[in-house]
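Single-structure report; data block below.
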Amino acid sequence: MEHRKVLTTHNVVYANKLIIIQGPLSPMLLQGLEMHPDLDAFRRPLEQKEALIEIAGLPEGRIIAAIEGNTIVGYVTFHYPNELELWSQGNMEDLIELGAIEVANDFRGAGLGRLLITTAFEEGQLENCIVFTTEYYWHWDLKGSGLDVWAYRQMMEKLMKVVNMVWYATDDPEICSHPANCLMVRIGKEVPLASEELFDRVRFRQRFMY
């Protein structure tokens, strides 16, 4: 299937700093950038940079980044679900995971999260895909944000709704392990009914086991 990628750029001024929101970025462009030291929610910054470069090189992969000077201060990733996860079991070419979104502490409050996500969907780039994200409370920066799990969950839901992602039920064990965890999904306008039905079978896998 065709994975449409149209390079899109937006400029934002925050605290007298020019921030460029751009993507999907190529591995070569990412290679020449630095990672902000605060971007360590998932891995150490240098290790996360290598992960971003790897994702950018995938046929379906896309990285949208917020760049200040020569430094990545925020990013969002899109890729196929990990083959070890429940979500890969349908072998769907049109199922894409919004895998991670992270913004450095000093740049929170600039609306970068919203811009990172909306940029990825511009020019109809993901209208032929089902895009999902799994929100797990153990990935949330509760300490840095000062929010409890429910306030953080509400914040993440509000963020995902800017691209019309909505809450979907599932029997995935990890999501069901805590009531604050959730599955958010956006079904593109060009997604065939057969893909929607297959996704339903994936997200309710236990229902179809005999």
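By convention in this document, the chains of the structure tokens carry letters A, B, ... by their order, each chain's residues are numbered from 1, and ligands are numbered from 1 in the order they are shown.
The residue set within 6 Å of Asn128 (chain A), counting only C-alpha atoms and dropping same-chain residues fewer than 5 places from it, reads Gly188, Glu190 and Val191 of chain A.
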Write a file of the just-selected residues containing all heavy atoms, as a compact mmCIF listing (two decimals), in the first residue's frame.
```
# COMPACT_ATOMS: atom_id res chain seq x y z
N GLY A 188 -9.17 6.65 9.15
CA GLY A 188 -9.12 7.57 8.03
C GLY A 188 -10.31 7.42 7.09
O GLY A 188 -10.95 6.36 7.03
N GLU A 190 -10.46 7.03 4.00
CA GLU A 190 -10.29 6.11 2.88
C GLU A 190 -10.08 4.66 3.31
O GLU A 190 -9.76 3.80 2.49
CB GLU A 190 -9.11 6.57 2.01
CG GLU A 190 -9.27 7.98 1.45
CD GLU A 190 -7.98 8.51 0.85
OE1 GLU A 190 -7.10 7.69 0.49
OE2 GLU A 190 -7.84 9.74 0.74
N VAL A 191 -10.24 4.38 4.60
CA VAL A 191 -10.02 3.02 5.11
C VAL A 191 -11.22 2.14 4.72
O VAL A 191 -12.36 2.50 5.00
CB VAL A 191 -9.85 3.04 6.64
CG1 VAL A 191 -9.81 1.62 7.20
CG2 VAL A 191 -8.58 3.79 7.02
```
>> Neighbouring residues of region 50-53 of chain A were defined as those with any atom within 8 Å, considering only C-alpha atoms; residues of the same chain fewer than 5 positions away were excluded. Please report them as number ranges by chain.
In response: A: 26-28, 30-31, 63, 77
Write the residues of the preceding selection, restricted to all heavy atoms, as an mmCIF file, in the first residue's frame.
```
data_model
loop_
_atom_site.group_PDB
_atom_site.id
_atom_site.type_symbol
_atom_site.label_atom_id
_atom_site.label_comp_id
_atom_site.auth_asym_id
_atom_site.auth_seq_id
_atom_site.Cartn_x
_atom_site.Cartn_y
_atom_site.Cartn_z
ATOM 1 N N SER A 26 13.701 12.739 7.182
ATOM 2 C CA SER A 26 14.510 11.632 6.665
ATOM 3 C C SER A 26 15.548 11.220 7.709
ATOM 4 O O SER A 26 15.918 12.013 8.585
ATOM 5 C CB SER A 26 15.233 12.060 5.389
ATOM 6 O OG SER A 26 16.214 13.046 5.691
ATOM 7 N N PRO A 27 16.059 9.985 7.624
ATOM 8 C CA PRO A 27 17.117 9.566 8.547
ATOM 9 C C PRO A 27 18.340 10.478 8.456
ATOM 10 O O PRO A 27 18.965 10.789 9.477
ATOM 11 C CB PRO A 27 17.447 8.143 8.077
ATOM 12 C CG PRO A 27 16.195 7.658 7.419
ATOM 13 C CD PRO A 27 15.610 8.862 6.758
ATOM 14 N N MET A 28 18.677 10.941 7.245
ATOM 15 C CA MET A 28 19.855 11.791 7.066
ATOM 16 C C MET A 28 19.690 13.124 7.796
ATOM 17 O O MET A 28 20.619 13.598 8.453
ATOM 18 C CB MET A 28 20.114 12.045 5.576
ATOM 19 C CG MET A 28 21.374 12.833 5.292
ATOM 20 S SD MET A 28 21.699 13.015 3.510
ATOM 21 C CE MET A 28 21.957 11.292 3.060
ATOM 22 N N LEU A 30 17.747 13.719 10.390
ATOM 23 C CA LEU A 30 17.775 13.441 11.830
ATOM 24 C C LEU A 30 19.199 13.210 12.326
ATOM 25 O O LEU A 30 19.540 13.593 13.453
ATOM 26 C CB LEU A 30 16.915 12.216 12.140
ATOM 27 C CG LEU A 30 15.399 12.427 12.093
ATOM 28 C CD1 LEU A 30 14.677 11.084 12.041
ATOM 29 C CD2 LEU A 30 14.935 13.234 13.302
ATOM 30 N N GLN A 31 20.013 12.586 11.494
ATOM 31 C CA GLN A 31 21.391 12.282 11.884
ATOM 32 C C GLN A 31 22.157 13.547 12.248
ATOM 33 O O GLN A 31 23.014 13.550 13.151
ATOM 34 C CB GLN A 31 22.109 11.559 10.742
ATOM 35 C CG GLN A 31 23.468 10.984 11.121
ATOM 36 C CD GLN A 31 23.355 9.768 12.013
ATOM 37 O OE1 GLN A 31 22.714 8.782 11.661
ATOM 38 N NE2 GLN A 31 23.980 9.811 13.176
ATOM 39 N N ILE A 63 8.622 10.490 11.360
ATOM 40 C CA ILE A 63 8.990 11.264 12.533
ATOM 41 C C ILE A 63 8.661 12.721 12.255
ATOM 42 O O ILE A 63 9.114 13.291 11.261
ATOM 43 C CB ILE A 63 10.499 11.151 12.843
ATOM 44 C CG1 ILE A 63 10.928 9.690 13.047
ATOM 45 C CG2 ILE A 63 10.860 12.006 14.058
ATOM 46 C CD1 ILE A 63 10.289 9.000 14.219
ATOM 47 N N THR A 77 6.231 9.871 16.896
ATOM 48 C CA THR A 77 6.599 8.766 16.005
ATOM 49 C C THR A 77 5.365 8.016 15.507
ATOM 50 O O THR A 77 4.381 7.885 16.236
ATOM 51 C CB THR A 77 7.525 7.752 16.712
ATOM 52 O OG1 THR A 77 6.768 7.033 17.710
ATOM 53 C CG2 THR A 77 8.703 8.444 17.380
#
```
Could you give me, as a tab-separated table, every region 39-75 of chain A residue with an atom at most 9 Å from region 107-116 of chain A, plus its closest atom pair and distance in Å to one decimal, counting only C-alpha atoms, rows ordered by chain then number?
```
residue	atom	partner	partner_atom	distance
A:Ile64	CA	A:Leu116	CA	6.0
A:Ala65	CA	A:Leu116	CA	6.7
A:Ala66	CA	A:Leu112	CA	7.1
A:Val73	CA	A:Phe107	CA	7.2
A:Gly74	CA	A:Leu112	CA	7.3
A:Tyr75	CA	A:Leu116	CA	6.7
```
Mind dumping the selected residues with N, CA, C and O atoms as a PDB file, in the first residue's frame?
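See part_9.pdb below for the written result:
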```pdb
ATOM      1  N   ILE A  64       7.867  13.317  13.136  1.00  0.00           N
ATOM      2  CA  ILE A  64       7.618  14.748  13.099  1.00  0.00           C
ATOM      3  C   ILE A  64       8.349  15.327  14.303  1.00  0.00           C
ATOM      4  O   ILE A  64       8.206  14.818  15.418  1.00  0.00           O
ATOM      5  N   ALA A  65       9.163  16.371  14.090  1.00  0.00           N
ATOM      6  CA  ALA A  65       9.973  16.900  15.183  1.00  0.00           C
ATOM      7  C   ALA A  65       9.795  18.404  15.342  1.00  0.00           C
ATOM      8  O   ALA A  65       9.510  19.120  14.376  1.00  0.00           O
ATOM      9  N   ALA A  66       9.965  18.851  16.579  1.00  0.00           N
ATOM     10  CA  ALA A  66      10.058  20.271  16.901  1.00  0.00           C
ATOM     11  C   ALA A  66      11.542  20.567  17.091  1.00  0.00           C
ATOM     12  O   ALA A  66      12.202  19.939  17.927  1.00  0.00           O
ATOM     13  N   VAL A  73      13.551  19.307  20.224  1.00  0.00           N
ATOM     14  CA  VAL A  73      12.990  19.577  21.552  1.00  0.00           C
ATOM     15  C   VAL A  73      11.646  18.871  21.745  1.00  0.00           C
ATOM     16  O   VAL A  73      11.032  18.955  22.811  1.00  0.00           O
ATOM     17  N   GLY A  74      11.198  18.174  20.716  1.00  0.00           N
ATOM     18  CA  GLY A  74       9.967  17.405  20.801  1.00  0.00           C
ATOM     19  C   GLY A  74       9.814  16.562  19.549  1.00  0.00           C
ATOM     20  O   GLY A  74      10.410  16.869  18.512  1.00  0.00           O
ATOM     21  N   TYR A  75       9.050  15.486  19.661  1.00  0.00           N
ATOM     22  CA  TYR A  75       8.870  14.608  18.505  1.00  0.00           C
ATOM     23  C   TYR A  75       7.636  13.743  18.696  1.00  0.00           C
ATOM     24  O   TYR A  75       7.136  13.555  19.813  1.00  0.00           O
TER      25      TYR A  75
END
```
> Neighbours of Tyr168 (chain A) within 8 Å (only C-alpha atoms; same-chain residues fewer than 5 positions away dropped), as a ChimeraX atom specification?
Replying inline: /A:182-185
Export of prior selection with N, CA, C and O atoms as a compact mmCIF listing (two decimals), in the first residue's frame:
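Everything below was put into again.txt:
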```
# COMPACT_ATOMS: atom_id res chain seq x y z
N CYS A 182 -5.69 3.57 28.21
CA CYS A 182 -6.75 3.61 27.21
C CYS A 182 -6.21 3.44 25.79
O CYS A 182 -5.01 3.59 25.54
N LEU A 183 -7.12 3.12 24.89
CA LEU A 183 -6.83 2.99 23.46
C LEU A 183 -7.55 4.12 22.75
O LEU A 183 -8.74 4.31 22.91
N MET A 184 -6.78 4.89 21.95
CA MET A 184 -7.36 5.97 21.15
C MET A 184 -7.14 5.64 19.67
O MET A 184 -6.06 5.16 19.29
N VAL A 185 -8.15 5.90 18.86
CA VAL A 185 -8.11 5.46 17.46
C VAL A 185 -8.66 6.54 16.53
O VAL A 185 -9.62 7.24 16.88
```
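You can rank A:Met155, A:Leu33, A:Val149, A:Met92 by their closest distance to Val131 (chain A) using only C-alpha atoms, and at the top of that list sits A:Met92.
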> So which residues touch Thr71 (chain A) within 12 Å, counting only C-alpha atoms, skipping near sequence neighbours fewer than 6 positions away, as an MDAnalysis selection string?
Replying inline: chainID A and resid 17:21 29:39 45 49 65 103:104
>> As an exercise, work out the distance from CA of Gln48 (chain A) to CA of Thr119 (chain A) in Å and give it to one decimal place.
In response: 20.9 Å
>> Please list as a PyMOL selection string every residue within 12 Å of His3 (chain A), counting only C-alpha atoms and excluding residues in the same chain fewer than 2 positions away.
In response: chain A and resi 1+5-6+24+58-62+78-80+93-96+124-129
> Which value, in Å to one decimal, gives the distance between CA of Gln154 (chain A) and CA of Trp167 (chain A)?
Replying inline: 11.3 Å
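Each of A:Ala180, A:Ile130, A:Ala151, A:Phe199 was checked against Met165 (chain A) using only C-alpha atoms; the smallest atom-to-atom distance is that of A:Ile130.
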>> Please compute the CA of His10 (chain A)-CA of Lys161 (chain A) distance, one decimal, in Å.
In response: 20.1 Å
> Where does DSSP see strand (DSSP E) in region 2-210 of chain A, if you list the residues as a VMD selection string?
Replying inline: chain A and resid 8 to 14 17 to 23 34 to 35 62 to 68 71 to 79 95 to 103 130 to 135 166 to 168 182 to 187
>> Applying 10 Å and only C-alpha atoms, which residues near Glu135 (chain A) remain after dropping the ones on its own chain fewer than 2 positions away? List them as a ChimeraX atom specification.
In response: /A:99-100,132-133,137-140,153,156-157,174-175,180-184
>> Using only C-alpha atoms for the distances, tell me which of A:Arg44, A:Val162, A:Gly69, A:Asp200 is nearest to Ala120 (chain A).
In response: A:Val162
Give me every alpha helix (DSSP H) residue in region 4-61 of chain A, going by DSSP on the backbone, as a compact mmCIF listing (two decimals) with all heavy atoms, in the first residue's frame.
```txt
# COMPACT_ATOMS: atom_id res chain seq x y z
N PRO A 27 16.06 9.99 7.62
CA PRO A 27 17.12 9.57 8.55
C PRO A 27 18.34 10.48 8.46
O PRO A 27 18.96 10.79 9.48
CB PRO A 27 17.45 8.14 8.08
CG PRO A 27 16.20 7.66 7.42
CD PRO A 27 15.61 8.86 6.76
N MET A 28 18.68 10.94 7.24
CA MET A 28 19.85 11.79 7.07
C MET A 28 19.69 13.12 7.80
O MET A 28 20.62 13.60 8.45
CB MET A 28 20.11 12.05 5.58
CG MET A 28 21.37 12.83 5.29
SD MET A 28 21.70 13.02 3.51
CE MET A 28 21.96 11.29 3.06
N LEU A 29 18.51 13.72 7.70
CA LEU A 29 18.29 14.98 8.38
C LEU A 29 18.35 14.79 9.90
O LEU A 29 18.95 15.59 10.61
CB LEU A 29 16.93 15.56 7.97
CG LEU A 29 16.71 17.06 8.25
CD1 LEU A 29 15.66 17.63 7.31
CD2 LEU A 29 16.31 17.32 9.70
N LEU A 30 17.75 13.72 10.39
CA LEU A 30 17.77 13.44 11.83
C LEU A 30 19.20 13.21 12.33
O LEU A 30 19.54 13.59 13.45
CB LEU A 30 16.92 12.22 12.14
CG LEU A 30 15.40 12.43 12.09
CD1 LEU A 30 14.68 11.08 12.04
CD2 LEU A 30 14.93 13.23 13.30
N GLN A 31 20.01 12.59 11.49
CA GLN A 31 21.39 12.28 11.88
C GLN A 31 22.16 13.55 12.25
O GLN A 31 23.01 13.55 13.15
CB GLN A 31 22.11 11.56 10.74
CG GLN A 31 23.47 10.98 11.12
CD GLN A 31 23.36 9.77 12.01
OE1 GLN A 31 22.71 8.78 11.66
NE2 GLN A 31 23.98 9.81 13.18
N PRO A 45 18.67 10.04 25.72
CA PRO A 45 18.52 10.85 24.50
C PRO A 45 19.26 10.32 23.27
O PRO A 45 18.68 10.28 22.18
CB PRO A 45 19.05 12.22 24.94
CG PRO A 45 18.72 12.28 26.40
CD PRO A 45 18.94 10.88 26.90
N LEU A 46 20.50 9.90 23.42
CA LEU A 46 21.24 9.40 22.26
C LEU A 46 20.64 8.11 21.72
O LEU A 46 20.56 7.90 20.50
CB LEU A 46 22.72 9.18 22.62
CG LEU A 46 23.56 10.45 22.77
CD1 LEU A 46 24.99 10.09 23.19
CD2 LEU A 46 23.58 11.25 21.47
N GLU A 47 20.19 7.25 22.63
CA GLU A 47 19.54 6.01 22.20
C GLU A 47 18.20 6.30 21.53
O GLU A 47 17.83 5.65 20.56
CB GLU A 47 19.34 5.08 23.41
CG GLU A 47 20.65 4.58 24.02
CD GLU A 47 20.43 3.82 25.31
OE1 GLU A 47 19.28 3.77 25.80
OE2 GLU A 47 21.41 3.26 25.85
N GLN A 48 17.49 7.31 22.03
CA GLN A 48 16.22 7.68 21.42
C GLN A 48 16.45 8.26 20.03
O GLN A 48 15.65 8.02 19.12
CB GLN A 48 15.48 8.68 22.30
CG GLN A 48 14.07 9.02 21.83
CD GLN A 48 13.17 7.80 21.77
OE1 GLN A 48 13.28 6.89 22.59
NE2 GLN A 48 12.28 7.76 20.79
N LYS A 49 17.51 9.01 19.86
CA LYS A 49 17.83 9.55 18.53
C LYS A 49 18.05 8.41 17.54
O LYS A 49 17.55 8.46 16.41
CB LYS A 49 19.07 10.44 18.61
CG LYS A 49 19.49 10.98 17.24
CD LYS A 49 20.76 11.81 17.31
CE LYS A 49 21.25 12.20 15.93
NZ LYS A 49 22.49 12.99 15.98
N GLU A 50 18.77 7.39 17.94
CA GLU A 50 18.99 6.24 17.06
C GLU A 50 17.67 5.56 16.72
O GLU A 50 17.46 5.11 15.59
CB GLU A 50 19.96 5.25 17.71
CG GLU A 50 21.39 5.76 17.83
CD GLU A 50 21.96 6.20 16.50
OE1 GLU A 50 21.84 5.44 15.52
OE2 GLU A 50 22.53 7.30 16.44
N ALA A 51 16.77 5.49 17.70
CA ALA A 51 15.46 4.89 17.44
C ALA A 51 14.67 5.72 16.43
O ALA A 51 14.01 5.18 15.55
CB ALA A 51 14.68 4.76 18.76
N LEU A 52 14.74 7.05 16.55
CA LEU A 52 14.05 7.92 15.62
C LEU A 52 14.59 7.75 14.20
O LEU A 52 13.82 7.70 13.23
CB LEU A 52 14.19 9.39 16.04
CG LEU A 52 13.59 9.80 17.39
CD1 LEU A 52 13.73 11.30 17.59
CD2 LEU A 52 12.14 9.37 17.52
N ILE A 53 15.90 7.65 14.09
CA ILE A 53 16.53 7.46 12.77
C ILE A 53 16.07 6.14 12.16
O ILE A 53 15.76 6.06 10.96
CB ILE A 53 18.06 7.50 12.91
CG1 ILE A 53 18.52 8.92 13.27
CG2 ILE A 53 18.74 7.03 11.62
CD1 ILE A 53 19.98 9.01 13.66
N GLU A 54 16.01 5.10 12.98
CA GLU A 54 15.57 3.79 12.50
C GLU A 54 14.12 3.84 12.02
O GLU A 54 13.78 3.32 10.95
CB GLU A 54 15.73 2.75 13.61
CG GLU A 54 15.33 1.34 13.18
CD GLU A 54 15.51 0.32 14.29
OE1 GLU A 54 16.14 0.64 15.31
OE2 GLU A 54 15.02 -0.82 14.12
N ILE A 55 13.24 4.47 12.80
CA ILE A 55 11.83 4.57 12.42
C ILE A 55 11.68 5.37 11.13
O ILE A 55 10.91 5.00 10.24
CB ILE A 55 11.02 5.22 13.56
CG1 ILE A 55 10.95 4.29 14.77
CG2 ILE A 55 9.60 5.57 13.09
CD1 ILE A 55 10.42 4.94 16.03
N ALA A 56 12.44 6.46 11.01
CA ALA A 56 12.34 7.31 9.81
C ALA A 56 12.71 6.56 8.55
O ALA A 56 12.26 6.91 7.45
CB ALA A 56 13.23 8.55 9.98
```
